[in-house]
$ cat data-v2.pdb   # PDB, N, CA and C atoms
ATOM      1  N   MET A 174     -74.444 -85.571 -88.628
ATOM      2  CA  MET A 174     -75.250 -85.543 -89.840
ATOM      3  C   MET A 174     -76.040 -84.252 -89.886
ATOM      4  N   ALA A 175     -75.952 -83.566 -91.002
ATOM      5  CA  ALA A 175     -76.648 -82.296 -91.147
ATOM      6  C   ALA A 175     -78.141 -82.541 -91.350
ATOM      7  N   THR A 176     -78.930 -81.631 -90.824
ATOM      8  CA  THR A 176     -80.361 -81.700 -91.089
ATOM      9  C   THR A 176     -80.719 -80.486 -91.934
ATOM     10  N   TYR A 177     -81.634 -80.666 -92.834
ATOM     11  CA  TYR A 177     -82.025 -79.595 -93.736
ATOM     12  C   TYR A 177     -83.486 -79.290 -93.506
ATOM     13  N   ASN A 178     -83.862 -78.083 -93.873
ATOM     14  CA  ASN A 178     -85.249 -77.686 -93.646
ATOM     15  C   ASN A 178     -86.184 -78.376 -94.636
ATOM     16  N   ASP A 179     -87.464 -78.082 -94.497
ATOM     17  CA  ASP A 179     -88.465 -78.752 -95.335
ATOM     18  C   ASP A 179     -88.579 -78.147 -96.725
ATOM     19  N   HIS A 180     -87.729 -77.192 -97.042
ATOM     20  CA  HIS A 180     -87.837 -76.509 -98.323
ATOM     21  C   HIS A 180     -86.853 -77.057 -99.350
ATOM     22  N   ASP A 181     -86.336 -78.242 -99.117
ATOM     23  CA  ASP A 181     -85.415 -78.833-100.079
ATOM     24  C   ASP A 181     -86.105 -79.022-101.416
ATOM     25  N   MET A 182     -85.351 -78.858-102.463
ATOM     26  CA  MET A 182     -85.894 -78.919-103.806
ATOM     27  C   MET A 182     -85.375 -80.153-104.530
ATOM     28  N   ALA A 183     -86.218 -80.747-105.343
ATOM     29  CA  ALA A 183     -85.799 -81.874-106.170
ATOM     30  C   ALA A 183     -85.052 -81.317-107.371
ATOM     31  N   VAL A 184     -83.789 -81.691-107.462
ATOM     32  CA  VAL A 184     -82.903 -81.188-108.504
ATOM     33  C   VAL A 184     -82.374 -82.381-109.282
ATOM     34  N   LYS A 185     -82.339 -82.268-110.606
ATOM     35  CA  LYS A 185     -81.770 -83.322-111.435
ATOM     36  C   LYS A 185     -80.293 -83.024-111.662
ATOM     37  N   ILE A 186     -79.457 -84.039-111.497
ATOM     38  CA  ILE A 186     -78.032 -83.899-111.781
ATOM     39  C   ILE A 186     -77.705 -84.782-112.966
ATOM     40  N   ARG A 187     -77.145 -84.165-114.001
ATOM     41  CA  ARG A 187     -76.720 -84.899-115.196
ATOM     42  C   ARG A 187     -75.282 -85.357-114.973
ATOM     43  N   VAL A 188     -75.097 -86.672-115.030
ATOM     44  CA  VAL A 188     -73.808 -87.279-114.717
ATOM     45  C   VAL A 188     -73.083 -87.617-116.024
ATOM     46  N   PRO A 189     -71.833 -87.155-116.176
ATOM     47  CA  PRO A 189     -71.113 -87.464-117.417
ATOM     48  C   PRO A 189     -70.760 -88.948-117.503
ATOM     49  N   GLY A 190     -70.598 -89.428-118.723
ATOM     50  CA  GLY A 190     -70.308 -90.840-118.954
ATOM     51  C   GLY A 190     -69.161 -91.377-118.114
ATOM     52  N   ALA A 191     -68.119 -90.568-117.935
ATOM     53  CA  ALA A 191     -66.936 -91.019-117.203
ATOM     54  C   ALA A 191     -67.222 -91.301-115.724
ATOM     55  N   LEU A 192     -68.301 -90.739-115.198
ATOM     56  CA  LEU A 192     -68.621 -90.928-113.776
ATOM     57  C   LEU A 192     -69.828 -91.827-113.545
ATOM     58  N   ARG A 193     -70.411 -92.352-114.604
ATOM     59  CA  ARG A 193     -71.638 -93.133-114.441
ATOM     60  C   ARG A 193     -71.413 -94.475-113.773
ATOM     61  N   GLN A 194     -70.154 -94.929-113.679
ATOM     62  CA  GLN A 194     -69.943 -96.168-112.924
ATOM     63  C   GLN A 194     -70.329 -95.963-111.458
ATOM     64  N   LEU A 195     -70.271 -94.721-110.976
ATOM     65  CA  LEU A 195     -70.653 -94.433-109.588
ATOM     66  C   LEU A 195     -72.162 -94.485-109.389
ATOM     67  N   THR A 196     -72.920 -94.204-110.443
ATOM     68  CA  THR A 196     -74.387 -94.175-110.339
ATOM     69  C   THR A 196     -75.009 -95.430-110.941
ATOM     70  N   ARG A 197     -74.190 -96.467-111.085
ATOM     71  CA  ARG A 197     -74.650 -97.722-111.678
ATOM     72  C   ARG A 197     -75.249 -97.490-113.066
ATOM     73  N   GLY A 198     -74.645 -96.567-113.814
ATOM     74  CA  GLY A 198     -75.050 -96.336-115.187
ATOM     75  C   GLY A 198     -76.075 -95.242-115.395
ATOM     76  N   ALA A 199     -76.627 -94.703-114.316
ATOM     77  CA  ALA A 199     -77.664 -93.673-114.466
ATOM     78  C   ALA A 199     -77.067 -92.373-115.000
ATOM     79  N   ALA A 200     -77.682 -91.821-116.033
ATOM     80  CA  ALA A 200     -77.224 -90.558-116.618
ATOM     81  C   ALA A 200     -77.770 -89.360-115.849
ATOM     82  N   ILE A 201     -78.929 -89.539-115.214
ATOM     83  CA  ILE A 201     -79.556 -88.460-114.446
ATOM     84  C   ILE A 201     -79.998 -89.022-113.104
ATOM     85  N   VAL A 202     -79.616 -88.332-112.039
ATOM     86  CA  VAL A 202     -80.061 -88.717-110.698
ATOM     87  C   VAL A 202     -80.717 -87.500-110.048
ATOM     88  N   GLU A 203     -81.606 -87.751-109.098
ATOM     89  CA  GLU A 203     -82.275 -86.657-108.406
ATOM     90  C   GLU A 203     -81.821 -86.603-106.965
ATOM     91  N   VAL A 204     -81.627 -85.371-106.481
ATOM     92  CA  VAL A 204     -81.318 -85.146-105.076
ATOM     93  C   VAL A 204     -82.189 -83.993-104.593
ATOM     94  N   ASP A 205     -82.333 -83.874-103.281
ATOM     95  CA  ASP A 205     -83.035 -82.738-102.686
ATOM     96  C   ASP A 205     -81.984 -81.792-102.136
ATOM     97  N   ALA A 206     -81.984 -80.549-102.625
ATOM     98  CA  ALA A 206     -80.958 -79.609-102.182
ATOM     99  C   ALA A 206     -81.397 -78.177-102.418
ATOM    100  N   ASN A 207     -80.856 -77.277-101.584
ATOM    101  CA  ASN A 207     -81.147 -75.846-101.706
ATOM    102  C   ASN A 207     -80.059 -75.085-102.439
ATOM    103  N   ASP A 208     -78.841 -75.657-102.497
ATOM    104  CA  ASP A 208     -77.773 -75.013-103.250
ATOM    105  C   ASP A 208     -76.867 -76.085-103.855
ATOM    106  N   VAL A 209     -75.937 -75.640-104.683
ATOM    107  CA  VAL A 209     -75.090 -76.581-105.419
ATOM    108  C   VAL A 209     -74.250 -77.428-104.472
ATOM    109  N   SER A 210     -73.672 -76.817-103.456
ATOM    110  CA  SER A 210     -72.843 -77.555-102.503
ATOM    111  C   SER A 210     -73.628 -78.697-101.859
ATOM    112  N   GLN A 211     -74.849 -78.403-101.411
ATOM    113  CA  GLN A 211     -75.695 -79.423-100.781
ATOM    114  C   GLN A 211     -76.049 -80.510-101.790
ATOM    115  N   ALA A 212     -76.321 -80.110-103.042
ATOM    116  CA  ALA A 212     -76.662 -81.101-104.070
ATOM    117  C   ALA A 212     -75.510 -82.074-104.285
ATOM    118  N   LEU A 213     -74.282 -81.560-104.344
ATOM    119  CA  LEU A 213     -73.127 -82.437-104.557
ATOM    120  C   LEU A 213     -72.872 -83.320-103.339
ATOM    121  N   HIS A 214     -73.143 -82.782-102.152
ATOM    122  CA  HIS A 214     -73.022 -83.579-100.926
ATOM    123  C   HIS A 214     -74.036 -84.727-100.932
ATOM    124  N   GLU A 215     -75.270 -84.410-101.293
ATOM    125  CA  GLU A 215     -76.318 -85.438-101.366
ATOM    126  C   GLU A 215     -75.979 -86.485-102.429
ATOM    127  N   LEU A 216     -75.422 -86.030-103.550
ATOM    128  CA  LEU A 216     -75.013 -86.952-104.611
ATOM    129  C   LEU A 216     -73.973 -87.937-104.078
ATOM    130  N   ASP A 217     -72.994 -87.431-103.336
ATOM    131  CA  ASP A 217     -71.950 -88.299-102.780
ATOM    132  C   ASP A 217     -72.509 -89.229-101.703
ATOM    133  N   ASP A 218     -73.520 -88.753-100.953
ATOM    134  CA  ASP A 218     -74.172 -89.629 -99.962
ATOM    135  C   ASP A 218     -74.861 -90.806-100.647
ATOM    136  N   LYS A 219     -75.570 -90.526-101.728
ATOM    137  CA  LYS A 219     -76.295 -91.583-102.450
ATOM    138  C   LYS A 219     -75.362 -92.487-103.240
ATOM    139  N   TYR A 220     -74.332 -91.884-103.806
ATOM    140  CA  TYR A 220     -73.402 -92.598-104.700
ATOM    141  C   TYR A 220     -71.978 -92.247-104.294
ATOM    142  N   PRO A 221     -71.449 -92.931-103.271
ATOM    143  CA  PRO A 221     -70.111 -92.597-102.768
ATOM    144  C   PRO A 221     -69.054 -92.647-103.880
ATOM    145  N   GLY A 222     -68.118 -91.694-103.799
ATOM    146  CA  GLY A 222     -67.033 -91.626-104.758
ATOM    147  C   GLY A 222     -66.997 -90.308-105.499
ATOM    148  N   PHE A 223     -68.111 -89.566-105.474
ATOM    149  CA  PHE A 223     -68.127 -88.288-106.182
ATOM    150  C   PHE A 223     -67.231 -87.249-105.516
ATOM    151  N   ARG A 224     -67.205 -87.246-104.170
ATOM    152  CA  ARG A 224     -66.425 -86.218-103.467
ATOM    153  C   ARG A 224     -64.968 -86.207-103.939
ATOM    154  N   GLU A 225     -64.338 -87.389-104.003
ATOM    155  CA  GLU A 225     -62.921 -87.452-104.389
ATOM    156  C   GLU A 225     -62.717 -86.984-105.829
ATOM    157  N   ARG A 226     -63.705 -87.215-106.664
ATOM    158  CA  ARG A 226     -63.564 -86.850-108.074
ATOM    159  C   ARG A 226     -63.888 -85.389-108.345
ATOM    160  N   LEU A 227     -64.730 -84.778-107.503
ATOM    161  CA  LEU A 227     -65.163 -83.409-107.756
ATOM    162  C   LEU A 227     -64.378 -82.362-106.971
ATOM    163  N   TYR A 228     -63.849 -82.759-105.795
ATOM    164  CA  TYR A 228     -63.186 -81.795-104.920
ATOM    165  C   TYR A 228     -61.711 -82.129-104.760
ATOM    166  N   ASP A 229     -60.894 -81.071-104.581
ATOM    167  CA  ASP A 229     -59.487 -81.301-104.275
ATOM    168  C   ASP A 229     -59.324 -81.482-102.763
ATOM    169  N   ASP A 230     -58.074 -81.650-102.310
ATOM    170  CA  ASP A 230     -57.866 -81.919-100.875
ATOM    171  C   ASP A 230     -58.105 -80.698 -99.997
ATOM    172  N   LYS A 231     -58.336 -79.523-100.578
ATOM    173  CA  LYS A 231     -58.691 -78.329 -99.798
ATOM    174  C   LYS A 231     -60.206 -78.150 -99.721
ATOM    175  N   GLY A 232     -60.946 -79.062-100.368
ATOM    176  CA  GLY A 232     -62.399 -78.938-100.360
ATOM    177  C   GLY A 232     -62.931 -78.000-101.427
ATOM    178  N   GLU A 233     -62.065 -77.597-102.355
ATOM    179  CA  GLU A 233     -62.492 -76.742-103.464
ATOM    180  C   GLU A 233     -62.853 -77.620-104.653
ATOM    181  N   LEU A 234     -63.762 -77.124-105.479
ATOM    182  CA  LEU A 234     -64.098 -77.831-106.707
ATOM    183  C   LEU A 234     -62.844 -77.928-107.565
ATOM    184  N   ARG A 235     -62.575 -79.120-108.080
ATOM    185  CA  ARG A 235     -61.387 -79.297-108.925
ATOM    186  C   ARG A 235     -61.466 -78.376-110.136
ATOM    187  N   GLN A 236     -60.278 -77.920-110.586
ATOM    188  CA  GLN A 236     -60.222 -76.967-111.697
ATOM    189  C   GLN A 236     -60.844 -77.498-112.967
ATOM    190  N   PHE A 237     -60.702 -78.802-113.209
ATOM    191  CA  PHE A 237     -61.169 -79.346-114.487
ATOM    192  C   PHE A 237     -62.620 -79.811-114.439
ATOM    193  N   ILE A 238     -63.304 -79.534-113.340
ATOM    194  CA  ILE A 238     -64.727 -79.884-113.222
ATOM    195  C   ILE A 238     -65.551 -78.602-113.330
ATOM    196  N   ASN A 239     -66.448 -78.580-114.279
ATOM    197  CA  ASN A 239     -67.369 -77.451-114.417
ATOM    198  C   ASN A 239     -68.757 -77.918-114.015
ATOM    199  N   ILE A 240     -69.451 -77.070-113.281
ATOM    200  CA  ILE A 240     -70.823 -77.366-112.870
ATOM    201  C   ILE A 240     -71.714 -76.272-113.465
ATOM    202  N   TYR A 241     -72.757 -76.703-114.127
ATOM    203  CA  TYR A 241     -73.714 -75.772-114.716
ATOM    204  C   TYR A 241     -75.067 -75.938-114.044
ATOM    205  N   ARG A 242     -75.669 -74.814-113.667
ATOM    206  CA  ARG A 242     -77.067 -74.818-113.232
ATOM    207  C   ARG A 242     -77.865 -74.380-114.444
ATOM    208  N   ASN A 243     -78.711 -75.262-114.911
ATOM    209  CA  ASN A 243     -79.390 -75.070-116.179
ATOM    210  C   ASN A 243     -78.286 -74.847-117.211
ATOM    211  N   ASP A 244     -78.160 -73.688-117.832
ATOM    212  CA  ASP A 244     -77.065 -73.527-118.789
ATOM    213  C   ASP A 244     -76.005 -72.542-118.313
ATOM    214  N   GLU A 245     -76.000 -72.226-117.024
ATOM    215  CA  GLU A 245     -75.075 -71.227-116.503
ATOM    216  C   GLU A 245     -73.961 -71.877-115.701
ATOM    217  N   ASP A 246     -72.719 -71.504-116.016
ATOM    218  CA  ASP A 246     -71.560 -71.976-115.269
ATOM    219  C   ASP A 246     -71.599 -71.342-113.880
ATOM    220  N   ILE A 247     -71.606 -72.168-112.826
ATOM    221  CA  ILE A 247     -71.723 -71.614-111.468
ATOM    222  C   ILE A 247     -70.515 -70.773-111.080
ATOM    223  N   ARG A 248     -69.371 -70.952-111.760
ATOM    224  CA  ARG A 248     -68.184 -70.149-111.422
ATOM    225  C   ARG A 248     -68.418 -68.667-111.680
ATOM    226  N   PHE A 249     -69.366 -68.348-112.560
ATOM    227  CA  PHE A 249     -69.649 -66.951-112.881
ATOM    228  C   PHE A 249     -70.802 -66.413-112.046
ATOM    229  N   GLY A 250     -71.289 -67.216-111.116
ATOM    230  CA  GLY A 250     -72.350 -66.780-110.213
ATOM    231  C   GLY A 250     -71.848 -66.883-108.782
ATOM    232  N   SER A 251     -72.573 -67.624-107.980
ATOM    233  CA  SER A 251     -72.234 -67.769-106.563
ATOM    234  C   SER A 251     -71.454 -69.045-106.272
ATOM    235  N   GLY A 252     -70.949 -69.692-107.307
ATOM    236  CA  GLY A 252     -70.158 -70.902-107.106
ATOM    237  C   GLY A 252     -70.964 -71.986-106.424
ATOM    238  N   LEU A 253     -70.354 -72.664-105.448
ATOM    239  CA  LEU A 253     -71.013 -73.767-104.751
ATOM    240  C   LEU A 253     -72.231 -73.306-103.951
ATOM    241  N   LYS A 254     -72.319 -72.032-103.667
ATOM    242  CA  LYS A 254     -73.468 -71.491-102.919
ATOM    243  C   LYS A 254     -74.597 -71.059-103.843
ATOM    244  N   THR A 255     -74.480 -71.343-105.143
ATOM    245  CA  THR A 255     -75.537 -71.002-106.091
ATOM    246  C   THR A 255     -76.841 -71.648-105.634
ATOM    247  N   PRO A 256     -77.886 -70.839-105.419
ATOM    248  CA  PRO A 256     -79.158 -71.410-104.958
ATOM    249  C   PRO A 256     -79.826 -72.240-106.053
ATOM    250  N   LEU A 257     -80.576 -73.230-105.602
ATOM    251  CA  LEU A 257     -81.307 -74.089-106.530
ATOM    252  C   LEU A 257     -82.786 -73.980-106.245
ATOM    253  N   LYS A 258     -83.573 -74.113-107.312
ATOM    254  CA  LYS A 258     -85.016 -74.176-107.129
ATOM    255  C   LYS A 258     -85.514 -75.483-107.726
ATOM    256  N   ASP A 259     -86.723 -75.830-107.333
ATOM    257  CA  ASP A 259     -87.310 -77.081-107.784
ATOM    258  C   ASP A 259     -87.212 -77.185-109.303
ATOM    259  N   SER A 260     -86.813 -78.324-109.773
ATOM    260  CA  SER A 260     -86.705 -78.648-111.192
ATOM    261  C   SER A 260     -85.494 -78.046-111.893
ATOM    262  N   ASP A 261     -84.569 -77.426-111.149
ATOM    263  CA  ASP A 261     -83.314 -77.007-111.775
ATOM    264  C   ASP A 261     -82.552 -78.248-112.228
ATOM    265  N   ASP A 262     -81.751 -78.070-113.259
ATOM    266  CA  ASP A 262     -80.854 -79.117-113.744
ATOM    267  C   ASP A 262     -79.429 -78.713-113.419
ATOM    268  N   LEU A 263     -78.684 -79.619-112.829
ATOM    269  CA  LEU A 263     -77.245 -79.415-112.649
ATOM    270  C   LEU A 263     -76.543 -80.363-113.599
ATOM    271  N   SER A 264     -75.510 -79.871-114.266
ATOM    272  CA  SER A 264     -74.700 -80.719-115.124
ATOM    273  C   SER A 264     -73.270 -80.702-114.630
ATOM    274  N   ILE A 265     -72.688 -81.874-114.480
ATOM    275  CA  ILE A 265     -71.280 -82.007-114.143
ATOM    276  C   ILE A 265     -70.556 -82.217-115.463
ATOM    277  N   VAL A 266     -69.656 -81.293-115.788
ATOM    278  CA  VAL A 266     -68.987 -81.358-117.085
ATOM    279  C   VAL A 266     -67.467 -81.327-116.877
ATOM    280  N   PRO A 267     -66.812 -82.489-117.014
ATOM    281  CA  PRO A 267     -65.354 -82.464-116.924
ATOM    282  C   PRO A 267     -64.794 -81.688-118.121
ATOM    283  N   ALA A 268     -63.829 -80.809-117.856
ATOM    284  CA  ALA A 268     -63.220 -80.058-118.945
ATOM    285  C   ALA A 268     -62.456 -81.017-119.840
ATOM    286  N   VAL A 269     -62.514 -80.754-121.131
ATOM    287  CA  VAL A 269     -61.825 -81.605-122.092
ATOM    288  C   VAL A 269     -60.641 -80.821-122.648
ATOM    289  N   ALA A 270     -59.451 -81.382-122.502
ATOM    290  CA  ALA A 270     -58.274 -80.722-123.052
ATOM    291  C   ALA A 270     -58.270 -80.893-124.566
ATOM    292  N   GLY A 271     -57.754 -79.936-125.234
ATOM    293  CA  GLY A 271     -57.699 -80.048-126.683
ATOM    294  C   GLY A 271     -57.285 -78.732-127.298
ATOM    295  N   GLY A 272     -57.293 -78.685-128.608
ATOM    296  CA  GLY A 272     -56.924 -77.433-129.234
ATOM    297  C   GLY A 272     -56.943 -77.561-130.724
TER     298      GLY A 272
END
$ encode --input "data-v2.pdb" --output "C-alpha cells"
Amino acid sequence: MATYNDHDMAVKIRVPGALRQLTRGAAIVEVDANDVSQALHELDDKYPGFRERLYDDKGELRQFINIYRNDEDIRFGSGLKTPLKDSDDLSIVPAVAGG
C-alpha cells in the first residue's frame, strides 16, 4: 500500500452518468491526491471498478476516456502526472461517437 505525504489535496471528481452506478449515484466525489494518476487510484480504492473502465490492459488511459482538470484536457498537459491543487475539479468525460 502506497503512503502519501501530508500535502494531499482535496479534489472533486465529476463522475459521468454512465459510471455513477460505481459511486452509488454520486455525481461528484472527493479524493485526496497530488496528481491525476493518484486521484484516479484513490477513486478506484473508494469505488472499485473504475480502473477497468478507465485504463486499458497496458495501464494506459483508454482512448475514449478524456480527463479534464478544471477545463483543460490533461492529454495536452502532463497527462496522468498533471499536478493537482486543493479545490481542483477533475471531470471524467467518455468520448461520444457521432458526426
$ residues_around --input "data-v2.pdb" --residues "Leu257 (chain A)" --least-positions-apart "5" --cutoff "12 Å" --atoms "only C-alpha atoms" --output "tab-separated table (two decimals) with N, CA and C atoms, in the frame of the given file"
chain	number	residue	atom	x	y	z
A	180	HIS	N	-87.73	-77.19	-97.04
A	180	HIS	CA	-87.84	-76.51	-98.32
A	180	HIS	C	-86.85	-77.06	-99.35
A	181	ASP	N	-86.34	-78.24	-99.12
A	181	ASP	CA	-85.42	-78.83	-100.08
A	181	ASP	C	-86.10	-79.02	-101.42
A	182	MET	N	-85.35	-78.86	-102.46
A	182	MET	CA	-85.89	-78.92	-103.81
A	182	MET	C	-85.38	-80.15	-104.53
A	183	ALA	N	-86.22	-80.75	-105.34
A	183	ALA	CA	-85.80	-81.87	-106.17
A	183	ALA	C	-85.05	-81.32	-107.37
A	184	VAL	N	-83.79	-81.69	-107.46
A	184	VAL	CA	-82.90	-81.19	-108.50
A	184	VAL	C	-82.37	-82.38	-109.28
A	185	LYS	N	-82.34	-82.27	-110.61
A	185	LYS	CA	-81.77	-83.32	-111.44
A	185	LYS	C	-80.29	-83.02	-111.66
A	186	ILE	N	-79.46	-84.04	-111.50
A	186	ILE	CA	-78.03	-83.90	-111.78
A	186	ILE	C	-77.70	-84.78	-112.97
A	204	VAL	N	-81.63	-85.37	-106.48
A	204	VAL	CA	-81.32	-85.15	-105.08
A	204	VAL	C	-82.19	-83.99	-104.59
A	205	ASP	N	-82.33	-83.87	-103.28
A	205	ASP	CA	-83.04	-82.74	-102.69
A	205	ASP	C	-81.98	-81.79	-102.14
A	206	ALA	N	-81.98	-80.55	-102.62
A	206	ALA	CA	-80.96	-79.61	-102.18
A	206	ALA	C	-81.40	-78.18	-102.42
A	207	ASN	N	-80.86	-77.28	-101.58
A	207	ASN	CA	-81.15	-75.85	-101.71
A	207	ASN	C	-80.06	-75.08	-102.44
A	208	ASP	N	-78.84	-75.66	-102.50
A	208	ASP	CA	-77.77	-75.01	-103.25
A	208	ASP	C	-76.87	-76.08	-103.86
A	209	VAL	N	-75.94	-75.64	-104.68
A	209	VAL	CA	-75.09	-76.58	-105.42
A	209	VAL	C	-74.25	-77.43	-104.47
A	210	SER	N	-73.67	-76.82	-103.46
A	210	SER	CA	-72.84	-77.56	-102.50
A	210	SER	C	-73.63	-78.70	-101.86
A	211	GLN	N	-74.85	-78.40	-101.41
A	211	GLN	CA	-75.69	-79.42	-100.78
A	211	GLN	C	-76.05	-80.51	-101.79
A	212	ALA	N	-76.32	-80.11	-103.04
A	212	ALA	CA	-76.66	-81.10	-104.07
A	212	ALA	C	-75.51	-82.07	-104.28
A	213	LEU	N	-74.28	-81.56	-104.34
A	213	LEU	CA	-73.13	-82.44	-104.56
A	213	LEU	C	-72.87	-83.32	-103.34
A	241	TYR	N	-72.76	-76.70	-114.13
A	241	TYR	CA	-73.71	-75.77	-114.72
A	241	TYR	C	-75.07	-75.94	-114.04
A	242	ARG	N	-75.67	-74.81	-113.67
A	242	ARG	CA	-77.07	-74.82	-113.23
A	242	ARG	C	-77.86	-74.38	-114.44
A	243	ASN	N	-78.71	-75.26	-114.91
A	243	ASN	CA	-79.39	-75.07	-116.18
A	243	ASN	C	-78.29	-74.85	-117.21
A	247	ILE	N	-71.61	-72.17	-112.83
A	247	ILE	CA	-71.72	-71.61	-111.47
A	247	ILE	C	-70.52	-70.77	-111.08
A	251	SER	N	-72.57	-67.62	-107.98
A	251	SER	CA	-72.23	-67.77	-106.56
A	251	SER	C	-71.45	-69.04	-106.27
A	252	GLY	N	-70.95	-69.69	-107.31
A	252	GLY	CA	-70.16	-70.90	-107.11
A	252	GLY	C	-70.96	-71.99	-106.42
A	262	ASP	N	-81.75	-78.07	-113.26
A	262	ASP	CA	-80.85	-79.12	-113.74
A	262	ASP	C	-79.43	-78.71	-113.42
A	263	LEU	N	-78.68	-79.62	-112.83
A	263	LEU	CA	-77.24	-79.42	-112.65
A	263	LEU	C	-76.54	-80.36	-113.60
$ atom_distance --input "data-v2.pdb" --atom1 "CA of Leu216 (chain A)" --atom2 "CA of Thr196 (chain A)"
9.2 Å
$ select_by_dssp --input "data-v2.pdb" --residues "chain A" --states "strand (DSSP E or B)" --output "JSON, numbers by chain"
{"A": [182, 183, 184, 185, 186, 187, 201, 202, 203, 204, 205, 206, 208, 228, 234, 238, 239, 240, 241, 242, 245, 246, 256, 262, 263, 264, 265, 266, 267]}
$ residues_around --input "data-v2.pdb" --residues "Phe237 (chain A)" --least-positions-apart "5" --cutoff "6.5 Å" --atoms "all atoms listed in the file" --output "PyMOL selection string"
chain A and resi 266-268
$ write_last_selection --input "data-v2.pdb" --atoms "N, CA and C atoms" --output "PDB file, in the frame of the given file"
ATOM      1  N   VAL A 266     -69.656 -81.293-115.788  1.00  0.00           N
ATOM      2  CA  VAL A 266     -68.987 -81.358-117.085  1.00  0.00           C
ATOM      3  C   VAL A 266     -67.467 -81.327-116.877  1.00  0.00           C
ATOM      4  N   PRO A 267     -66.812 -82.489-117.014  1.00  0.00           N
ATOM      5  CA  PRO A 267     -65.354 -82.464-116.924  1.00  0.00           C
ATOM      6  C   PRO A 267     -64.794 -81.688-118.121  1.00  0.00           C
ATOM      7  N   ALA A 268     -63.829 -80.809-117.856  1.00  0.00           N
ATOM      8  CA  ALA A 268     -63.220 -80.058-118.945  1.00  0.00           C
ATOM      9  C   ALA A 268     -62.456 -81.017-119.840  1.00  0.00           C
TER      10      ALA A 268
END
$ atom_distance --input "data-v2.pdb" --atom1 "atom N of Tyr228 (chain A)" --atom2 "atom C of Val202 (chain A)"
18.0 Å
$ atom_distance --input "data-v2.pdb" --atom1 "CA of Tyr220 (chain A)" --atom2 "CA of Leu234 (chain A)"
17.6 Å
$ select_by_dssp --input "data-v2.pdb" --residues "region 199-255 of chain A" --states "helix (DSSP H, G or I)" --output "PyMOL selection string"
chain A and resi 209-219+223-227+247-249+252-254
$ closest_residue --input "data-v2.pdb" --among "A:Asp217, A:Ile265, A:Lys231, A:Phe223" --to "Ile201 (chain A)" --atoms "only C-alpha atoms"
A:Ile265
$ decode --input "data-v2.pdb" --residues "region 212-225 of chain A" --atoms "N, CA and C atoms" --output "PDB file, in the first residue's frame"
ATOM      1  N   ALA A 212      -5.269  10.592  -8.062  1.00  0.00           N
ATOM      2  CA  ALA A 212      -6.704  10.831  -7.871  1.00  0.00           C
ATOM      3  C   ALA A 212      -7.523   9.665  -8.411  1.00  0.00           C
ATOM      4  N   LEU A 213      -7.159   9.161  -9.590  1.00  0.00           N
ATOM      5  CA  LEU A 213      -7.906   8.044 -10.174  1.00  0.00           C
ATOM      6  C   LEU A 213      -7.691   6.760  -9.379  1.00  0.00           C
ATOM      7  N   HIS A 214      -6.489   6.599  -8.832  1.00  0.00           N
ATOM      8  CA  HIS A 214      -6.208   5.444  -7.970  1.00  0.00           C
ATOM      9  C   HIS A 214      -7.067   5.502  -6.703  1.00  0.00           C
ATOM     10  N   GLU A 215      -7.124   6.676  -6.093  1.00  0.00           N
ATOM     11  CA  GLU A 215      -7.944   6.856  -4.886  1.00  0.00           C
ATOM     12  C   GLU A 215      -9.425   6.635  -5.198  1.00  0.00           C
ATOM     13  N   LEU A 216      -9.859   7.105  -6.367  1.00  0.00           N
ATOM     14  CA  LEU A 216     -11.248   6.902  -6.786  1.00  0.00           C
ATOM     15  C   LEU A 216     -11.559   5.410  -6.871  1.00  0.00           C
ATOM     16  N   ASP A 217     -10.653   4.642  -7.467  1.00  0.00           N
ATOM     17  CA  ASP A 217     -10.864   3.195  -7.596  1.00  0.00           C
ATOM     18  C   ASP A 217     -10.802   2.498  -6.236  1.00  0.00           C
ATOM     19  N   ASP A 218      -9.967   3.022  -5.320  1.00  0.00           N
ATOM     20  CA  ASP A 218      -9.929   2.459  -3.958  1.00  0.00           C
ATOM     21  C   ASP A 218     -11.271   2.646  -3.255  1.00  0.00           C
ATOM     22  N   LYS A 219     -11.839   3.835  -3.375  1.00  0.00           N
ATOM     23  CA  LYS A 219     -13.120   4.130  -2.716  1.00  0.00           C
ATOM     24  C   LYS A 219     -14.293   3.450  -3.404  1.00  0.00           C
ATOM     25  N   TYR A 220     -14.223   3.393  -4.722  1.00  0.00           N
ATOM     26  CA  TYR A 220     -15.331   2.871  -5.542  1.00  0.00           C
ATOM     27  C   TYR A 220     -14.757   1.905  -6.568  1.00  0.00           C
ATOM     28  N   PRO A 221     -14.527   0.650  -6.163  1.00  0.00           N
ATOM     29  CA  PRO A 221     -13.900  -0.320  -7.069  1.00  0.00           C
ATOM     30  C   PRO A 221     -14.678  -0.456  -8.386  1.00  0.00           C
ATOM     31  N   GLY A 222     -13.909  -0.606  -9.472  1.00  0.00           N
ATOM     32  CA  GLY A 222     -14.495  -0.778 -10.786  1.00  0.00           C
ATOM     33  C   GLY A 222     -14.059   0.295 -11.759  1.00  0.00           C
ATOM     34  N   PHE A 223     -13.538   1.412 -11.238  1.00  0.00           N
ATOM     35  CA  PHE A 223     -13.109   2.480 -12.138  1.00  0.00           C
ATOM     36  C   PHE A 223     -11.874   2.093 -12.945  1.00  0.00           C
ATOM     37  N   ARG A 224     -10.938   1.365 -12.307  1.00  0.00           N
ATOM     38  CA  ARG A 224      -9.689   1.029 -13.004  1.00  0.00           C
ATOM     39  C   ARG A 224      -9.968   0.324 -14.334  1.00  0.00           C
ATOM     40  N   GLU A 225     -10.847  -0.690 -14.316  1.00  0.00           N
ATOM     41  CA  GLU A 225     -11.120  -1.453 -15.542  1.00  0.00           C
ATOM     42  C   GLU A 225     -11.776  -0.576 -16.607  1.00  0.00           C
TER      43      GLU A 225
END
